[in-house]
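Next comes upload19.txt, with compact mmCIF, C-alpha atoms.
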# COMPACT_ATOMS: atom_id res chain seq x y z
CA MET Z 1 0.00 0.00 0.00
CA SER Z 2 0.96 3.64 -0.18
CA THR Z 3 -0.25 6.34 2.18
CA ASN Z 4 -0.36 10.11 1.79
CA ARG Z 5 -0.04 10.70 5.52
CA ASP Z 6 3.16 12.20 6.84
CA TYR Z 7 5.56 9.40 7.78
CA TYR Z 8 6.85 11.25 10.84
CA GLU Z 9 3.28 11.74 12.02
CA ILE Z 10 2.56 8.03 11.54
CA LEU Z 11 5.46 7.04 13.77
CA GLY Z 12 4.83 9.89 16.20
CA VAL Z 13 8.38 11.27 16.03
CA PRO Z 14 9.81 14.70 15.17
CA ARG Z 15 11.56 15.27 11.86
CA THR Z 16 14.87 15.44 13.78
CA ALA Z 17 14.46 11.90 15.17
CA ASN Z 18 17.64 9.82 15.08
CA PRO Z 19 17.73 6.13 13.99
CA ASP Z 20 17.41 4.85 17.58
CA GLU Z 21 14.35 7.01 18.18
CA LEU Z 22 12.81 5.80 14.90
CA LYS Z 23 13.43 2.17 15.80
CA SER Z 24 12.00 2.63 19.30
CA ALA Z 25 8.85 4.26 17.96
CA PHE Z 26 8.45 1.57 15.28
CA ARG Z 27 8.96 -1.23 17.80
CA LYS Z 28 6.27 0.18 20.09
CA LEU Z 29 3.70 0.69 17.33
CA ALA Z 30 4.44 -2.64 15.66
CA ARG Z 31 3.71 -4.48 18.90
CA GLN Z 32 0.49 -2.52 19.32
CA PHE Z 33 -0.90 -3.06 15.80
CA HIS Z 34 0.48 -6.44 14.70
CA PRO Z 35 -2.55 -8.22 13.18
CA ASP Z 36 -1.78 -11.53 14.89
CA VAL Z 37 -2.03 -10.07 18.38
CA SER Z 38 -3.74 -6.67 18.19
CA GLN Z 39 -7.34 -6.04 19.17
CA GLU Z 40 -7.22 -2.51 17.70
CA PRO Z 41 -9.70 -1.64 14.92
CA ASN Z 42 -8.10 -1.45 11.45
CA ALA Z 43 -4.95 -3.04 12.91
CA GLU Z 44 -3.96 -4.57 9.57
CA GLU Z 45 -4.11 -1.22 7.70
CA ARG Z 46 -2.31 0.60 10.51
CA PHE Z 47 0.39 -2.07 10.57
CA LYS Z 48 1.03 -1.69 6.83
CA GLU Z 49 1.15 2.09 7.23
CA ILE Z 50 3.63 1.86 10.13
CA ASN Z 51 5.92 -0.47 8.17
CA GLU Z 52 5.82 1.75 5.08
CA ALA Z 53 6.79 4.80 7.15
CA TYR Z 54 9.63 2.99 8.88
CA ALA Z 55 10.89 1.45 5.63
CA VAL Z 56 11.38 4.96 4.23
CA LEU Z 57 12.66 6.80 7.29
CA SER Z 58 15.11 4.05 8.30
CA ASP Z 59 16.77 4.25 4.86
CA GLY Z 60 19.08 7.27 4.74
CA GLU Z 61 18.78 7.83 0.99
CA LYS Z 62 14.99 7.47 0.91
CA ARG Z 63 14.60 9.64 3.99
CA ALA Z 64 16.66 12.44 2.42
CA ALA Z 65 14.49 12.36 -0.73
CA TYR Z 66 11.31 12.30 1.33
CA ASP Z 67 12.44 15.22 3.52
CA ARG Z 68 13.17 17.31 0.41
CA TYR Z 69 10.32 16.42 -1.93
CA GLY Z 70 7.74 14.58 0.20
CA HIS Z 71 6.02 11.50 -1.24
CA ALA Z 72 6.88 12.64 -4.79
CA GLY Z 73 10.55 12.27 -3.97
CA LEU Z 74 10.12 8.50 -3.60
CA ASN Z 75 9.10 7.98 -7.24
CA GLY Z 76 12.68 7.56 -8.23
CA PHE Z 77 12.87 4.50 -5.98
CA GLY Z 78 10.33 2.56 -7.99
CA GLY Z 79 7.03 3.81 -6.58
CA ALA Z 80 5.73 2.74 -3.21
CA PRO Z 81 8.46 1.48 -0.89
CA ASP Z 82 8.89 -2.30 -0.72
CA PHE Z 83 9.17 -3.46 2.86
CA THR Z 84 8.24 -7.12 2.43
CA ASN Z 85 11.87 -8.24 2.52
CA MET Z 86 13.04 -5.78 5.17
CA ASP Z 87 15.08 -7.45 7.95
CA ILE Z 88 13.17 -6.69 11.12
CA SER Z 89 13.66 -10.04 12.87
CA ASP Z 90 15.40 -8.34 15.80
CA LEU Z 91 12.35 -6.15 16.36
CA PHE Z 92 9.80 -8.98 16.32
CA GLU Z 93 11.73 -11.79 17.98
CA GLU Z 94 10.38 -10.80 21.39
CA LEU Z 95 6.88 -10.06 20.07
CA LEU Z 96 6.35 -13.28 18.13
CA GLY Z 97 8.67 -15.59 20.06
CA GLY Z 98 5.81 -16.80 22.20
CA PHE Z 99 3.99 -18.01 19.07
CA GLY Z 100 6.97 -20.10 17.89
CA PHE Z 101 7.61 -18.01 14.78
CA GLY Z 102 10.83 -16.62 13.32
CA PHE Z 103 11.65 -14.67 10.19
CA GLY Z 104 13.10 -16.25 7.09
CA GLY Z 105 16.90 -16.21 7.21
CA GLY Z 106 16.99 -15.62 10.97
CA ARG Z 107 17.64 -18.01 13.83
CA GLY Z 108 14.49 -19.15 15.60
CA ARG Z 109 13.55 -20.51 18.97
CA GLY Z 110 14.31 -24.13 18.22
CA GLN Z 111 18.03 -23.62 17.91
CA ARG Z 112 18.18 -22.18 21.41
CA ALA Z 113 17.98 -25.75 22.71
CA ASN Z 114 21.55 -26.19 21.48
CA ARG Z 115 22.98 -22.99 22.94
CA ALA Z 116 25.52 -22.93 25.75
CA ARG Z 117 23.78 -23.03 29.10
CA ARG Z 118 24.95 -22.63 32.66
CA GLY Z 119 24.94 -25.76 34.82
CA GLY Z 120 22.51 -26.26 37.67
CA ASN Z 121 23.24 -25.30 41.26
CA LEU Z 122 23.64 -27.86 44.04
CA GLN Z 123 22.85 -27.58 47.74
CA TYR Z 124 24.67 -29.21 50.63
CA ILE Z 125 23.47 -29.16 54.25
CA LEU Z 126 26.40 -28.84 56.66
CA ASP Z 127 25.97 -29.49 60.39
CA LEU Z 128 28.17 -27.48 62.76
CA THR Z 129 28.67 -27.52 66.50
CA PHE Z 130 27.97 -24.31 68.39
CA GLU Z 131 31.71 -23.69 68.80
CA GLU Z 132 32.43 -24.29 65.10
CA ALA Z 133 29.84 -21.69 64.16
CA VAL Z 134 31.37 -19.22 66.62
CA PHE Z 135 35.04 -19.64 65.71
CA GLY Z 136 34.85 -20.93 62.13
CA VAL Z 137 36.20 -24.20 60.83
CA GLU Z 138 37.61 -25.89 57.74
CA LYS Z 139 35.43 -28.73 56.52
CA VAL Z 140 35.88 -31.35 53.82
CA LEU Z 141 32.62 -31.87 51.92
CA GLU Z 142 31.82 -35.02 49.99
CA TYR Z 143 28.88 -34.86 47.63
CA GLN Z 144 27.60 -36.26 44.33
CA ARG Z 145 27.53 -34.36 41.05
CA ASP Z 146 27.73 -35.09 37.33
CA GLU Z 147 31.18 -35.33 35.78
CA PRO Z 148 32.26 -36.09 32.18
CA CYS Z 149 32.00 -39.80 31.51
CA GLY Z 150 35.35 -41.52 31.96
CA ARG Z 151 34.72 -43.87 29.04
CA CYS Z 152 33.57 -41.45 26.30
CA ASN Z 153 35.05 -38.23 27.80
CA GLY Z 154 31.66 -36.57 27.49
CA ASN Z 155 31.32 -37.41 23.78
CA ARG Z 156 28.26 -39.59 24.50
CA ALA Z 157 29.26 -42.09 21.81
CA GLU Z 158 30.90 -45.46 22.36
CA PRO Z 159 34.69 -45.20 21.87
CA GLY Z 160 35.54 -45.84 18.24
CA SER Z 161 32.36 -44.10 17.04
CA SER Z 162 31.23 -40.50 17.03
CA PRO Z 163 27.99 -38.46 16.85
CA THR Z 164 26.65 -37.80 13.36
CA PRO Z 165 24.69 -34.76 12.11
CA CYS Z 166 20.95 -35.21 12.46
CA ARG Z 167 19.37 -35.97 9.09
CA THR Z 168 16.02 -34.51 10.05
CA CYS Z 169 17.29 -31.00 10.77
CA GLY Z 170 20.65 -31.12 8.99
CA GLY Z 171 22.50 -30.49 12.24
CA GLN Z 172 20.61 -27.25 12.99
CA GLY Z 173 18.71 -28.55 16.00
CA GLU Z 174 15.45 -27.15 14.63
CA VAL Z 175 12.91 -27.73 11.93
CA ARG Z 176 11.12 -24.95 10.04
CA GLN Z 177 7.91 -24.51 8.14
CA ALA Z 178 7.48 -21.36 6.02
CA ARG Z 179 4.30 -19.41 5.52
CA GLN Z 180 3.47 -16.11 3.85
CA THR Z 181 2.29 -13.23 6.01
CA LEU Z 182 1.90 -9.49 5.74
CA LEU Z 183 5.59 -9.17 6.55
CA GLY Z 184 6.66 -11.54 3.82
CA SER Z 185 8.04 -14.99 4.45
CA MET Z 186 7.65 -16.02 8.09
CA VAL Z 187 8.95 -19.30 9.44
CA GLN Z 188 7.47 -21.43 12.18
CA VAL Z 189 10.39 -22.85 14.13
CA SER Z 190 10.35 -25.85 16.48
CA THR Z 191 12.91 -28.08 18.16
CA CYS Z 192 13.90 -31.06 16.06
CA PRO Z 193 11.97 -34.13 17.31
CA THR Z 194 14.76 -36.51 16.28
CA CYS Z 195 17.77 -34.99 18.05
CA GLN Z 196 15.85 -32.87 20.61
CA GLY Z 197 17.75 -29.76 19.53
CA ALA Z 198 21.22 -31.24 19.82
CA GLY Z 199 21.85 -31.18 16.05
CA GLU Z 200 23.41 -34.62 16.15
CA VAL Z 201 22.43 -38.20 16.89
CA ILE Z 202 24.32 -40.98 18.62
CA GLU Z 203 24.19 -44.23 16.65
CA LYS Z 204 26.17 -46.15 19.29
CA PRO Z 205 25.62 -44.63 22.75
CA CYS Z 206 28.36 -45.05 25.33
CA THR Z 207 27.66 -48.18 27.35
CA GLN Z 208 28.91 -46.59 30.58
CA CYS Z 209 26.81 -43.40 30.61
CA GLN Z 210 24.06 -44.60 28.24
CA GLY Z 211 24.75 -41.68 25.90
CA ARG Z 212 24.41 -38.91 28.52
CA GLY Z 213 28.08 -37.96 28.34
CA LEU Z 214 27.99 -37.60 32.12
CA GLU Z 215 28.14 -39.92 35.08
CA ARG Z 216 27.45 -39.41 38.78
CA LYS Z 217 30.64 -39.17 40.82
CA LYS Z 218 31.60 -38.37 44.39
CA VAL Z 219 33.76 -35.26 44.76
CA SER Z 220 35.54 -33.82 47.81
CA ARG Z 221 36.04 -30.11 48.41
CA LYS Z 222 37.58 -28.16 51.29
CA VAL Z 223 35.47 -25.28 52.51
CA ASP Z 224 36.41 -22.55 54.99
CA VAL Z 225 33.45 -21.69 57.21
CA PRO Z 226 34.04 -18.15 58.55
CA ALA Z 227 33.78 -17.29 62.24
CA GLY Z 228 30.43 -15.92 63.37
CA VAL Z 229 28.06 -17.81 61.08
CA ASP Z 230 24.69 -18.96 62.36
CA GLY Z 231 22.05 -21.50 61.47
CA GLY Z 232 20.39 -20.53 58.19
CA THR Z 233 23.53 -18.88 56.82
CA GLN Z 234 24.26 -19.94 53.23
CA ILE Z 235 27.74 -20.08 51.69
CA ARG Z 236 28.16 -20.00 47.90
CA VAL Z 237 31.11 -21.85 46.35
CA SER Z 238 31.39 -20.63 42.77
CA GLY Z 239 31.76 -23.18 39.97
CA GLU Z 240 31.32 -26.30 42.11
CA GLY Z 241 27.80 -27.19 40.94
CA GLN Z 242 26.64 -29.19 37.94
CA PRO Z 243 28.68 -28.92 34.72
CA GLY Z 244 27.51 -26.54 32.01
CA VAL Z 245 25.70 -27.64 28.86
CA ASN Z 246 27.20 -27.18 25.39
CA GLY Z 247 30.26 -25.45 26.78
CA GLY Z 248 28.39 -23.28 29.28
CA PRO Z 249 29.86 -22.45 32.71
CA PRO Z 250 29.25 -24.74 35.69
CA GLY Z 251 26.71 -23.94 38.38
CA ASP Z 252 27.47 -23.12 42.00
CA LEU Z 253 27.40 -25.09 45.23
CA TYR Z 254 25.28 -23.58 48.00
CA ILE Z 255 26.10 -24.75 51.53
CA ALA Z 256 23.23 -24.33 53.99
CA LEU Z 257 24.50 -24.27 57.58
CA ARG Z 258 22.70 -26.00 60.43
CA VAL Z 259 23.99 -25.42 63.99
CA THR Z 260 23.47 -28.02 66.72
CA PRO Z 261 22.02 -26.48 69.92
CA HIS Z 262 24.49 -26.19 72.83
CA LYS Z 263 23.94 -27.71 76.24
CA TYR Z 264 24.36 -24.38 78.04
CA PHE Z 265 24.68 -21.53 75.57
CA ARG Z 266 22.03 -19.73 73.56
CA ARG Z 267 22.68 -17.11 70.93
CA ARG Z 268 21.16 -13.71 70.19
CA GLU Z 269 22.92 -12.27 67.14
CA THR Z 270 26.54 -11.78 68.34
CA ASP Z 271 25.75 -12.20 72.05
CA ILE Z 272 25.83 -15.52 73.90
CA LEU Z 273 23.31 -16.09 76.70
CA LEU Z 274 23.96 -18.33 79.70
CA ASP Z 275 21.52 -19.11 82.49
CA LEU Z 276 23.34 -19.37 85.83
CA ASP Z 277 21.87 -20.85 89.01
CA ILE Z 278 23.28 -19.55 92.31
CA ASN Z 279 22.20 -20.39 95.83
CA ILE Z 280 20.52 -18.14 98.36
CA ALA Z 281 23.73 -17.40 100.26
CA GLN Z 282 25.63 -16.41 97.09
CA ALA Z 283 22.76 -14.13 96.10
CA ALA Z 284 22.59 -12.47 99.50
CA LEU Z 285 26.28 -12.21 100.32
CA GLY Z 286 27.80 -12.00 96.86
CA ALA Z 287 30.46 -14.34 95.52
CA GLU Z 288 33.01 -14.94 92.82
CA VAL Z 289 32.13 -17.96 90.68
CA GLU Z 290 33.56 -19.69 87.64
CA VAL Z 291 31.28 -19.81 84.60
CA PRO Z 292 31.74 -21.54 81.23
CA THR Z 293 32.38 -19.51 78.08
CA VAL Z 294 33.23 -20.56 74.55
CA ASP Z 295 36.83 -19.57 75.38
CA GLY Z 296 36.94 -21.69 78.55
CA PRO Z 297 36.10 -21.07 82.23
CA GLU Z 298 35.92 -17.42 83.27
CA ALA Z 299 35.67 -15.77 86.71
CA LEU Z 300 32.48 -13.80 87.34
CA LYS Z 301 31.79 -11.59 90.34
CA ILE Z 302 28.27 -11.86 91.78
CA PRO Z 303 27.35 -8.66 93.63
CA ALA Z 304 25.78 -8.96 97.09
CA GLY Z 305 22.00 -8.78 97.04
CA VAL Z 306 21.70 -9.73 93.37
CA GLN Z 307 18.10 -10.30 92.30
CA PRO Z 308 16.76 -13.14 90.14
CA GLY Z 309 16.77 -12.14 86.47
CA THR Z 310 19.75 -9.82 86.80
CA VAL Z 311 21.95 -9.92 83.71
CA LEU Z 312 25.73 -9.76 84.20
CA THR Z 313 28.01 -9.10 81.24
CA LEU Z 314 31.32 -10.65 80.22
CA ARG Z 315 32.63 -8.24 77.59
CA GLY Z 316 34.04 -9.65 74.35
CA LYS Z 317 33.15 -13.26 75.14
CA GLY Z 318 30.46 -13.54 72.50
CA VAL Z 319 30.43 -14.33 68.78
CA PRO Z 320 32.83 -12.71 66.28
CA ARG Z 321 31.09 -10.23 63.99
CA LEU Z 322 30.82 -11.36 60.39
CA ARG Z 323 32.57 -8.96 57.97
CA ALA Z 324 33.55 -6.72 60.90
CA ASN Z 325 35.98 -6.54 63.76
CA GLY Z 326 35.28 -7.39 67.38
CA ARG Z 327 33.01 -9.81 69.20
CA GLY Z 328 29.74 -9.64 71.05
CA ASP Z 329 29.35 -10.26 74.78
CA GLN Z 330 28.35 -13.15 76.98
CA LEU Z 331 25.24 -12.30 78.96
CA VAL Z 332 24.83 -14.26 82.19
CA VAL Z 333 21.23 -14.40 83.43
CA VAL Z 334 21.23 -14.96 87.17
CA ASN Z 335 18.69 -17.28 88.75
CA VAL Z 336 18.48 -17.90 92.53
CA ALA Z 337 17.95 -21.61 93.02
CA VAL Z 338 15.75 -22.50 96.01
CA PRO Z 339 16.77 -25.88 97.49
CA LYS Z 340 14.09 -28.56 97.49
CA LYS Z 341 15.72 -30.55 100.28
CA LEU Z 342 17.50 -29.19 103.34
CA THR Z 343 19.68 -30.78 106.00
CA SER Z 344 18.62 -30.22 109.59
CA GLU Z 345 21.47 -27.72 110.00
CA GLN Z 346 20.44 -25.77 106.89
CA ARG Z 347 16.82 -25.69 108.02
CA GLU Z 348 17.78 -24.40 111.44
CA LEU Z 349 19.92 -21.62 109.95
CA LEU Z 350 17.19 -20.56 107.53
CA GLU Z 351 14.59 -20.53 110.30
CA LYS Z 352 16.80 -18.18 112.32
CA LEU Z 353 17.25 -15.99 109.23
CA ALA Z 354 13.51 -15.94 108.60
CA GLY Z 355 12.81 -14.96 112.19
CA SER Z 356 15.22 -12.07 112.02
CA MET Z 357 13.77 -10.77 108.72
CA GLY Z 358 10.12 -10.88 109.74
CA SER Z 359 7.15 -12.20 107.77
CA GLU Z 360 5.95 -9.08 105.97
CA VAL Z 361 5.72 -9.46 102.15
CA GLN Z 362 5.13 -6.96 99.34
CA PRO Z 363 4.12 -7.47 95.69
CA ALA Z 364 6.99 -7.07 93.21
CA GLN Z 365 6.83 -4.01 90.98
CA GLU Z 366 8.67 -5.74 88.12
CA GLY Z 367 8.95 -9.44 87.29
CA ILE Z 368 11.97 -11.40 86.07
CA LEU Z 369 10.69 -11.53 82.51
CA ASP Z 370 10.18 -7.76 82.52
CA LYS Z 371 13.75 -7.25 83.65
CA LEU Z 372 15.09 -9.51 80.91
CA LYS Z 373 13.02 -7.77 78.26
CA ASP Z 374 14.28 -4.38 79.40
CA PHE Z 375 17.90 -5.53 79.32
CA LEU Z 376 17.69 -7.40 76.01
CA GLY Z 377 15.63 -4.74 74.29
CA GLY Z 378 12.56 -6.95 73.91
Could you render the structure as structure tokens?
Amino acid sequence: MSTNRDYYEILGVPRTANPDELKSAFRKLARQFHPDVSQEPNAEERFKEINEAYAVLSDGEKRAAYDRYGHAGLNGFGGAPDFTNMDISDLFEELLGGFGFGFGGGRGRGQRANRARRGGNLQYILDLTFEEAVFGVEKVLEYQRDEPCGRCNGNRAEPGSSPTPCRTCGGQGEVRQARQTLLGSMVQVSTCPTCQGAGEVIEKPCTQCQGRGLERKKVSRKVDVPAGVDGGTQIRVSGEGQPGVNGGPPGDLYIALRVTPHKYFRRRETDILLDLDINIAQAALGAEVEVPTVDGPEALKIPAGVQPGTVLTLRGKGVPRLRANGRGDQLVVVNVAVPKKLTSEQRELLEKLAGSMGSEVQPAQEGILDKLKDFLGG
């Protein structure tokens, strides 16, 4: 067709538009009015008009003639512009890819099955003790992954033979069926059913890997677990996953850490919490006791008159900070243990103490849990 409308107006661009601006405008309008997908009225006519405008304005020589003489300036190019053979496959690959179509002379979707692809990722669950998570550790991991077959070296064919080009697709990995459309010759592209996109067939598959080219093998890798990790932390080891396909890069190995609970210690970010039971006399009179830490036994001074739920701090005895200097603290939560059984001597002493202190009681203004929440920021 040929239109008398201004080509710049059709594409919605100024007369100073550069090639990138022309292409962007054309791409947008072509998606909007393509007859195969558009619900717009008169989409077919608008699509022809858009293509005619772009065919002229994207050609430097035709555009110069059009700018100088208008539509009359195109007569020297053989009448109405011919856009049926224009190479616009790059513009419509995204638009029509979902329909399985490609343009004649281009490379369609089917051949993508034979492209280089990155290998899959693997996951390994690693159990750590509480101390290993705090201080870090070197671990040797043993896990299964695919490796090139030792018999065929990944060739997939039995030694002494080799893959041959697929006769169905001629080694292209795809089959095509042409049809005529408004844009000229359009090709429906699909993965070759014979070779499944590989472009070659194996007449004599390797007896060891059954033609996969890969076999499952156990591999060992040393991994440095940094100090300060916690349960749920994930470590990525680049390139230690499944091998790539068709020369693509290998995937990664992701190590998910799982920390075994400790008998005494609990963790809150970089702080370590320890519940400590002391007796009535230690609470009333004060004492110096030895408490466990991840670094070994440590002396701790209990102040006289300490109340249940009091939190005492051992500075720098916590967990190292990941990607930073320093360590957290160890927080010792004091609990006054009331004996369930007493000797006659202990009972007598406590009765004397009770008599001297009287029997008056008062409700507490703040409970143990409230104290802990205040201290820990809960």
Draw an axis-aligned box over all listed atoms of region 120-123 of chain Z, pad each side with 4 Å, and write its centre and edge lengths in Å, one decimal, as JSON.
{"center_x": 23.1, "center_y": -26.6, "center_z": 42.7, "size_x": 9.1, "size_y": 10.6, "size_z": 18.1}
Which protein, DNA or RNA residues have an atom at most 12 Å from (10.5, 4.8, 7.2), counting all atoms listed in the file? List them as a tab-separated table (two decimals) with C-alpha atoms, keeping the file's coordinate frame.
chain	number	residue	atom	x	y	z
Z	3	THR	CA	-0.25	6.34	2.18
Z	6	ASP	CA	3.16	12.20	6.84
Z	7	TYR	CA	5.56	9.40	7.78
Z	8	TYR	CA	6.85	11.25	10.84
Z	9	GLU	CA	3.28	11.74	12.02
Z	10	ILE	CA	2.56	8.03	11.54
Z	11	LEU	CA	5.46	7.04	13.77
Z	12	GLY	CA	4.83	9.89	16.20
Z	13	VAL	CA	8.38	11.27	16.03
Z	15	ARG	CA	11.56	15.27	11.86
Z	17	ALA	CA	14.46	11.90	15.17
Z	18	ASN	CA	17.64	9.82	15.08
Z	19	PRO	CA	17.73	6.13	13.99
Z	21	GLU	CA	14.35	7.01	18.18
Z	22	LEU	CA	12.81	5.80	14.90
Z	23	LYS	CA	13.43	2.17	15.80
Z	25	ALA	CA	8.85	4.26	17.96
Z	26	PHE	CA	8.45	1.57	15.28
Z	48	LYS	CA	1.03	-1.69	6.83
Z	49	GLU	CA	1.15	2.09	7.23
Z	50	ILE	CA	3.63	1.86	10.13
Z	51	ASN	CA	5.92	-0.47	8.17
Z	52	GLU	CA	5.82	1.75	5.08
Z	53	ALA	CA	6.79	4.80	7.15
Z	54	TYR	CA	9.63	2.99	8.88
Z	55	ALA	CA	10.89	1.45	5.63
Z	56	VAL	CA	11.38	4.96	4.23
Z	57	LEU	CA	12.66	6.80	7.29
Z	58	SER	CA	15.11	4.05	8.30
Z	59	ASP	CA	16.77	4.25	4.86
Z	60	GLY	CA	19.08	7.27	4.74
Z	61	GLU	CA	18.78	7.83	0.99
Z	62	LYS	CA	14.99	7.47	0.91
Z	63	ARG	CA	14.60	9.64	3.99
Z	64	ALA	CA	16.66	12.44	2.42
Z	65	ALA	CA	14.49	12.36	-0.73
Z	66	TYR	CA	11.31	12.30	1.33
Z	67	ASP	CA	12.44	15.22	3.52
Z	71	HIS	CA	6.02	11.50	-1.24
Z	74	LEU	CA	10.12	8.50	-3.60
Z	80	ALA	CA	5.73	2.74	-3.21
Z	81	PRO	CA	8.46	1.48	-0.89
Z	82	ASP	CA	8.89	-2.30	-0.72
Z	83	PHE	CA	9.17	-3.46	2.86
Z	86	MET	CA	13.04	-5.78	5.17
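Of the listed residues (Z:Ala281, Z:Leu126, Z:Ala287, Z:Cys192), Z:Leu126 comes nearest to Val225 (chain Z); the distances count only C-alpha atoms.
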Original post:
Please, which residues are within 10 Å of (20.9, -42.2, 18.2) by the file's coordinates, counting all atoms listed in the file, and could they come as a PyMOL selection string?
Top reply: chain Z and resi 157+163-164+166+194-195+200-205+211
Shortest contact to Asn335 (chain Z), candidates Z:Arg321, Z:Leu314, Z:Gly241, Z:Gln307, atoms counted all atoms listed in the file, goes to Z:Gln307
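In this model, the gap between CA of Lys222 (chain Z) and CA of Glu132 (chain Z) comes to 15.2 Å.
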**Prompt:** Which residue, Z:Thr313, Z:Gln242, Z:Gln346, Z:Gln172, has the smallest gap to Arg216 (chain Z) when you use only C-alpha atoms?
**Reply:**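 Among Z:Thr313, Z:Gln242, Z:Gln346, Z:Gln172, it is Z:Gln242 that comes nearest to Arg216 (chain Z).
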**Prompt:** Just how far from CA of Pro339 (chain Z) is CA of Val311 (chain Z), in Å to one decimal?
**Reply:**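 Rounded to one decimal, the two atoms are 21.7 Å apart.
Distances here use all atoms listed in the file; by that measure, the residue among Z:Glu288, Z:Thr129, Z:Arg266, Z:Gln123 closest to Val237 (chain Z) is Z:Gln123.
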message: Just checking: using only C-alpha atoms, which residue out of Z:Val223, Z:Val134, Z:Leu353, Z:Cys169 ends up closest to Glu269 (chain Z)?
response: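 Residue with the minimum atom-to-atom distance to Glu269 (chain Z): Z:Val134.
Coordinates place CA of Lys317 (chain Z) at a distance of 11.9 Å from CA of Arg267 (chain Z).
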* Among listed residues Z:Val338, Z:Leu300, Z:Ala324, Z:Glu348, nearest Ile278 (chain Z) (using all atoms listed in the file) ->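 Among the listed residues, the smallest separation from Ile278 (chain Z) belongs to Z:Val338.
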_Report as number ranges by chain all protein, DNA and RNA residues lying within 10 Å of Arg151 (chain Z), evaluated on all atoms listed in the file, omitting residues in the same chain fewer than 4 positions from it._
Z: 155-159, 206-209, 213-215
